[in-house]
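Here the structure comes first, spelled out in structure tokens, and everything after it is commentary.
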Amino acid sequence: MSKSYQCQVCGLTKNRSEVIPAAVIRPAIFSLIKQTHSDLNDVGYICLADLNIFRHKYIQQMMEEEKGELTELENTVVQSLKDHEILTRNVDAEFEGKLKLGDRLADKIASYGGSWKFIITFATILTIWIILNSVVLLLRPFDPFPFILLNLVLSCLAAIQAPVIMMSQNRQEAKDRIRSEHDYQINLKAELEIRNLHQKIDHLLTHQWERLVQIQQVQLEMMEELKARK
Ligand SMILES: [Zn+2]
């Protein structure tokens, strides 16, 4: 007559082929059984039927934990999206919108003053002025040689043009500064997003992977048992 073994969970007496020593149970499952059956020790035995129930419980628990962690992760992502709204914006349009009439006029004058169109027009006017005063109106020139009135006009023009160009340049600089600040913000945000992604991937690699392997090991054990029982 074969020796009989008592199961520590259900208390029934079973054959050797129906029980497994408590010492060989995976530590994680062992502690799970211990939660409901505190008298469990590792010298006794436990029947396969009970062990399988606890294995299912263990896997289920792990999946639930997984789900909880995933929803938490999702929440943080949603929260961060809410907190850091999209930074990309059109700096140029924003800047143009703030300009006053005087600023806009200065920009136009500066851009016209720096064009070939202006130089050609101006050279033409100068030539006409000189020809008028030296050839056509020889008898009664309104600005005889050496064209003092023309000199005065040119001086006034230069005096006005310089500050206008400076004004336009200052504004260009301000615009560049805003643009570079915006670029910096975008870069920073991208960096943070990448760090966030890194964390997510790390989470996948460590937690989830580890859990999958554990579940697989439990399955492997069950398969081995099935094979041994044949
Ligand atoms: Zn049992």
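In the structure tokens, chains take letters A, B, ... by order of appearance, with residues numbered from 1 within each chain and ligands from 1 in the order shown.
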Please, which residues of range 33-205 of chain A, numbered as in this document, come out helix (DSSP H, G or I) from DSSP, as a ChimeraX atom specification? /A:33-36,48-83,91-98,101-113,116-136,148-205
Selection near Ile46 in chain A, 12 Å with only C-alpha atoms, sequence-local residues under 6 positions removed, as a count of residues only: 28
Using only C-alpha atoms and all ligand atoms, which of the listed residues (A:Gln35, A:Thr206, A:Gly44, A:Arg26) sits closest to ligand 1? A:Gly44
With only C-alpha atoms as the counted atoms, please give the residues lying no more than 12 Å from range 146-157 of chain A, apart from itself and same-chain residues fewer than 5 positions off, as a ChimeraX atom specification. /A:109,113,122-123,125-134,141,162-164
Can you list, as an mmCIF file with C-alpha atoms, in the first residue's frame, every protein, DNA or RNA residue that comes within 12 Å of range 101-108 of chain A when you count only C-alpha atoms, leaving out same-chain residues fewer than 5 positions away?
```cif
data_model
loop_
_atom_site.group_PDB
_atom_site.id
_atom_site.type_symbol
_atom_site.label_atom_id
_atom_site.label_comp_id
_atom_site.auth_asym_id
_atom_site.auth_seq_id
_atom_site.Cartn_x
_atom_site.Cartn_y
_atom_site.Cartn_z
ATOM 1 C CA PHE A 95 5.004 89.729 -34.298
ATOM 2 C CA GLU A 96 3.492 91.365 -37.385
ATOM 3 C CA GLY A 113 15.838 102.460 -49.502
ATOM 4 C CA GLY A 114 17.904 99.322 -49.836
ATOM 5 C CA SER A 115 16.736 98.375 -53.328
ATOM 6 C CA ILE A 160 16.040 110.964 -42.041
ATOM 7 C CA GLN A 161 16.991 107.712 -43.705
ATOM 8 C CA ALA A 162 19.584 106.697 -41.082
ATOM 9 C CA PRO A 163 17.187 106.572 -38.092
ATOM 10 C CA VAL A 164 14.524 104.855 -40.172
ATOM 11 C CA ILE A 165 16.964 102.104 -41.107
ATOM 12 C CA MET A 166 18.094 101.775 -37.490
ATOM 13 C CA MET A 167 14.486 101.463 -36.335
ATOM 14 C CA SER A 168 13.873 98.705 -38.833
ATOM 15 C CA GLN A 169 17.057 96.927 -37.779
ATOM 16 C CA ASN A 170 16.112 97.046 -34.100
ATOM 17 C CA ARG A 171 12.795 95.469 -34.875
ATOM 18 C CA GLN A 172 14.454 92.771 -36.954
#
```
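Here the residues within range 20-228 of chain A that DSSP labels strand (DSSP E or B) on the basis of the backbone are Ile20, Pro21, Tyr45, Ile46 and Cys47 of chain A.
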